[in-house]
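What follows is a single structure, written as structure tokens, with notes after it.
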Amino acid sequence: MSDRDGANANAVESTKSGRRFARTWRIDLAAGVLVALLAGLAFREVAGGQGATFEEKGEPFKTHANMLLVRATINRDTPPAIERVEKLAQGRVTQLLPGPNKVEVLDEAGNVLYSQSFGVRFLLTTDPPRDLESVTALFVLPYDEKVKSVRVTTEKGAAEAPVE
């Protein structure tokens, strides 16, 4: 092999190596940008909920910080009962079938900060179906420092519980 052939071979190897480096660098850069975008999106979805309004927190299928979990018993013939109210670090607002009942988040003066209607079926879908006298409902609702209580209202009456 002559010196000229050797120099050409080295130049070809150097070019291949440079292309390999450039390709690897572009892939690493693209992967880094993708990871950064996904991390930013995930952070915005969860941490961004802290300053979100009740309307924004009420948007379905988005995780928000600072939510409430409310467990209530809805009765066929008597007013509802709120069993438990718990603050959640994060959550997604419950999607409910519309109906004549409502669950509300209230401030200290009793003003409604957030409201959602819901329907209830007092039927256990077994074979054969069974009528029920009451059902347990779980609601995930928006929360912030202005919230002082939660109210559940049905055709048979209302129940209110403090948020502590």
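All residue names refer to the structure tokens as shown: chains lettered A, B, ... in order, residues numbered from 1 in each chain, ligands numbered from 1 in order.
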* To do: From a DSSP pass on the backbone, collect the residues of stretch 81-120 of chain A flagged as strand (DSSP E) and hand them back as a PyMOL selection string.
  => chain A and resi 81-91+101-106+112-118
* Spatial neighbours of A:Pro98, 9 Å, only C-alpha atoms, chain gap at least 6 places, as an MDAnalysis selection string -> chainID A and resid 116:119
Quick one: everything within 8 Å of stretch 74-90 of chain A, counting only C-alpha atoms, minus sequence neighbours fewer than 4 positions away in the same chain. Send it as a CSV table (one decimal) with N, CA and C atoms, in the first residue's frame.
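Once written, around_14.csv looks like this:
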```csv
chain,number,residue,atom,x,y,z
A,46,VAL,N,-48.6,18.0,37.4
A,46,VAL,CA,-48.8,17.8,38.8
A,46,VAL,C,-48.6,19.0,39.6
A,63,THR,N,-54.2,15.6,36.1
A,63,THR,CA,-53.9,15.5,37.5
A,63,THR,C,-53.5,16.8,38.1
A,64,HIS,N,-54.0,17.2,39.2
A,64,HIS,CA,-53.8,18.5,39.9
A,64,HIS,C,-53.3,18.3,41.3
A,65,ALA,N,-52.5,19.2,41.8
A,65,ALA,CA,-52.1,19.2,43.2
A,65,ALA,C,-53.3,19.7,44.0
A,66,ASN,N,-53.3,19.3,45.3
A,66,ASN,CA,-54.3,19.8,46.3
A,66,ASN,C,-55.7,19.5,45.9
A,67,MET,N,-56.2,18.4,46.1
A,67,MET,CA,-57.5,18.0,45.8
A,67,MET,C,-58.2,17.4,47.1
A,68,LEU,N,-59.5,17.2,47.1
A,68,LEU,CA,-60.2,16.6,48.2
A,68,LEU,C,-60.8,15.3,47.9
A,69,LEU,N,-60.8,14.3,48.8
A,69,LEU,CA,-61.5,13.1,48.6
A,69,LEU,C,-62.7,13.1,49.6
A,70,VAL,N,-63.9,13.0,49.1
A,70,VAL,CA,-65.1,13.0,49.9
A,70,VAL,C,-65.8,11.6,49.8
A,120,VAL,N,-77.6,9.1,40.7
A,120,VAL,CA,-77.4,7.8,41.5
A,120,VAL,C,-78.4,6.8,41.1
A,122,PHE,N,-80.0,3.3,42.5
A,122,PHE,CA,-80.0,2.4,43.7
A,122,PHE,C,-80.3,1.0,43.2
A,132,LEU,N,-81.3,-1.2,46.1
A,132,LEU,CA,-80.5,-0.8,47.3
A,132,LEU,C,-81.1,0.3,48.0
A,133,GLU,N,-81.0,0.4,49.3
A,133,GLU,CA,-81.5,1.5,50.1
A,133,GLU,C,-80.5,2.7,50.1
A,134,SER,N,-79.2,2.4,49.9
A,134,SER,CA,-78.1,3.4,49.9
A,134,SER,C,-77.0,3.0,49.1
A,135,VAL,N,-76.2,4.0,48.7
A,135,VAL,CA,-74.9,3.7,47.9
A,135,VAL,C,-73.8,4.6,48.5
A,136,THR,N,-72.6,4.1,48.4
A,136,THR,CA,-71.5,4.9,48.8
A,136,THR,C,-70.9,5.6,47.6
A,137,ALA,N,-70.7,6.9,47.7
A,137,ALA,CA,-70.1,7.6,46.6
A,137,ALA,C,-68.8,8.2,47.0
A,143,TYR,N,-59.4,21.6,45.6
A,143,TYR,CA,-59.2,22.2,47.0
A,143,TYR,C,-58.2,23.3,46.9
A,152,VAL,N,-73.2,17.9,50.2
A,152,VAL,CA,-73.8,17.0,49.3
A,152,VAL,C,-75.3,17.2,49.4
A,153,THR,N,-76.0,17.4,48.3
A,153,THR,CA,-77.4,17.7,48.3
A,153,THR,C,-78.1,16.7,47.4
A,154,THR,N,-79.1,16.1,47.9
A,154,THR,CA,-80.0,15.1,47.1
A,154,THR,C,-81.4,15.6,47.2
A,155,GLU,N,-82.3,14.9,46.6
A,155,GLU,CA,-83.7,15.2,46.6
A,155,GLU,C,-84.3,15.0,48.0
A,156,LYS,N,-83.6,14.3,48.9
A,156,LYS,CA,-84.0,14.0,50.3
A,156,LYS,C,-83.4,14.9,51.3
A,157,GLY,N,-82.5,15.8,50.9
A,157,GLY,CA,-81.9,16.7,51.9
A,157,GLY,C,-80.4,17.0,51.6
A,158,ALA,N,-79.7,17.5,52.6
A,158,ALA,CA,-78.3,17.9,52.4
A,158,ALA,C,-77.5,17.5,53.6
A,159,ALA,N,-76.2,17.4,53.4
A,159,ALA,CA,-75.3,17.1,54.5
A,159,ALA,C,-74.1,18.0,54.2
A,160,GLU,N,-73.5,18.6,55.3
A,160,GLU,CA,-72.3,19.4,55.1
A,160,GLU,C,-71.3,19.0,56.1
A,161,ALA,N,-70.0,19.0,55.7
A,161,ALA,CA,-68.9,18.6,56.6
A,161,ALA,C,-67.8,19.6,56.4
A,162,PRO,N,-67.1,19.9,57.6
A,162,PRO,CA,-65.9,20.8,57.5
A,162,PRO,C,-64.7,20.1,56.8
A,163,VAL,N,-63.9,21.0,56.2
A,163,VAL,CA,-62.6,20.5,55.7
A,163,VAL,C,-61.5,20.9,56.7
```
